[in-house]
Amino acid sequence: MANLGVLLNEWRAAVATEAESAGQPPLLLTAAFYYAPSINGLTYPVQSISNRLDWINLMAYDFYDHSWAKVTNSHAALYDPSGPISGSYGVGSWIQAGMSPKKLVLGMPFYGYAWRLTDSNNHGLMAPADGRGGSGNGAMRYGEILGFITENKAATVYNGTIVSNYCYARTTWIGYDDTQSISAKVSYAKQEGLLGYFAWHVAQDNNWDLSKQAKQAWGA
């Protein structure tokens, strides 16, 4: 982490030198970081990040997946009433560590994760699960999730407490962000004075549904 701080200092100096010699505006310097300023016991060099980068993208997703979590859960909850695993906790932690809200961009996933339920009758959040659901590695694009819902007449649920959606049919359970979650997250980013939001990634959207919802929420 100390070396990361040195890199950012040198990088910014090089950009300034290049801009001056070329007579052009300096390049923008940005980075995508973990949702919180500490990871695996290590703390990011927040002062260097704040001073040297124009903004940072907070990867507020991939909190949980079927490869290790034995219960269903949202992989990108905005709020976590029982702990620190949430987008809002990450935003607050970066601000508390010294980052300006105007240098923070909240990340939102346009994909979800599928779990295989242990019991199809127990299908809420934190339901016992046994590995991935569906095919592949369990990750599903938003468009694929909508297709699954239609084809399987899956039940859909929006949880406003944590700000997340999920659906289920038989033993397949999928946690994801739908239009309700995206709208709430973008509204949160705007209310907190953040620079903006980003998606990973727009190619996983369905006919621009989530992108349009985000734009509408930001402009409201």
# chains A, B, ... in the order shown; residues from 1 in each chain; ligands from 1
>>> select_by_dssp(residues="region 6-156 of chain A", states="helix (DSSP H, G or I)", output="ChimeraX atom specification")
/A:6-22,46-52,87-97,101-103,142-152
>>> residues_around(residues="region 49-59 of chain A", least_positions_apart="4", cutoff="9 Å", atoms="only C-alpha atoms", output="ChimeraX atom specification")
/A:4-5,8-9,11-13,28-36,44-45,87,90-91,98-100,102-109,195,197-198,200
>>> residues_around(residues="Ala114 (chain A)", least_positions_apart="4", cutoff="8 Å", atoms="only C-alpha atoms", output="PyMOL selection string")
chain A and resi 66+132-134+138-140+172-175
>>> residues_around(residues="Ala154 (chain A)", least_positions_apart="4", cutoff="6 Å", atoms="only C-alpha atoms", output="VMD selection string")
chain A and resid 149 168 to 169
>>> residues_around(residues="region 79-84 of chain A", least_positions_apart="2", cutoff="8 Å", atoms="only C-alpha atoms", output="PyMOL selection string")
chain A and resi 77+86-90+161-163
>>> atom_distance(atom1="CA of Ile145 (chain A)", atom2="CA of Leu194 (chain A)")
29.2 Å
>>> residues_around(residues="Thr179 (chain A)", least_positions_apart="5", cutoff="12 Å", atoms="only C-alpha atoms", output="list in words")
Met108, Pro109, Phe110, Tyr142, Leu146, Val157, Tyr158, Val163, Ser164, Asn165, Tyr166, Ala184, Lys185, Val186, Asp205, Asn206, Trp208, Asp209, Leu210, Ser211, Lys212, Gln213, Ala214, Lys215, Gln216 and Ala217 of chain A
>>> closest_residue(among="A:Gly41, A:Gly112, A:Pro101, A:Gly92", to="Ser74 (chain A)", atoms="only C-alpha atoms")
A:Gly112
>>> select_by_dssp(residues="region 16-219 of chain A", states="strand (DSSP E or B)", output="number ranges by chain")
A: 30-34, 38-39, 42-43, 55-59, 71, 104-109, 111-117, 128-132, 139-141, 155-159, 164-169, 172-176, 196-200
>>> residues_around(residues="Leu27 (chain A)", least_positions_apart="5", cutoff="9 Å", atoms="only C-alpha atoms", output="MDAnalysis selection string")
chainID A and resid 15:16 18:19
>>> closest_residue(among="A:Gln47, A:Tyr61, A:Tyr176, A:Ser183", to="Leu125 (chain A)", atoms="only C-alpha atoms")
A:Tyr176
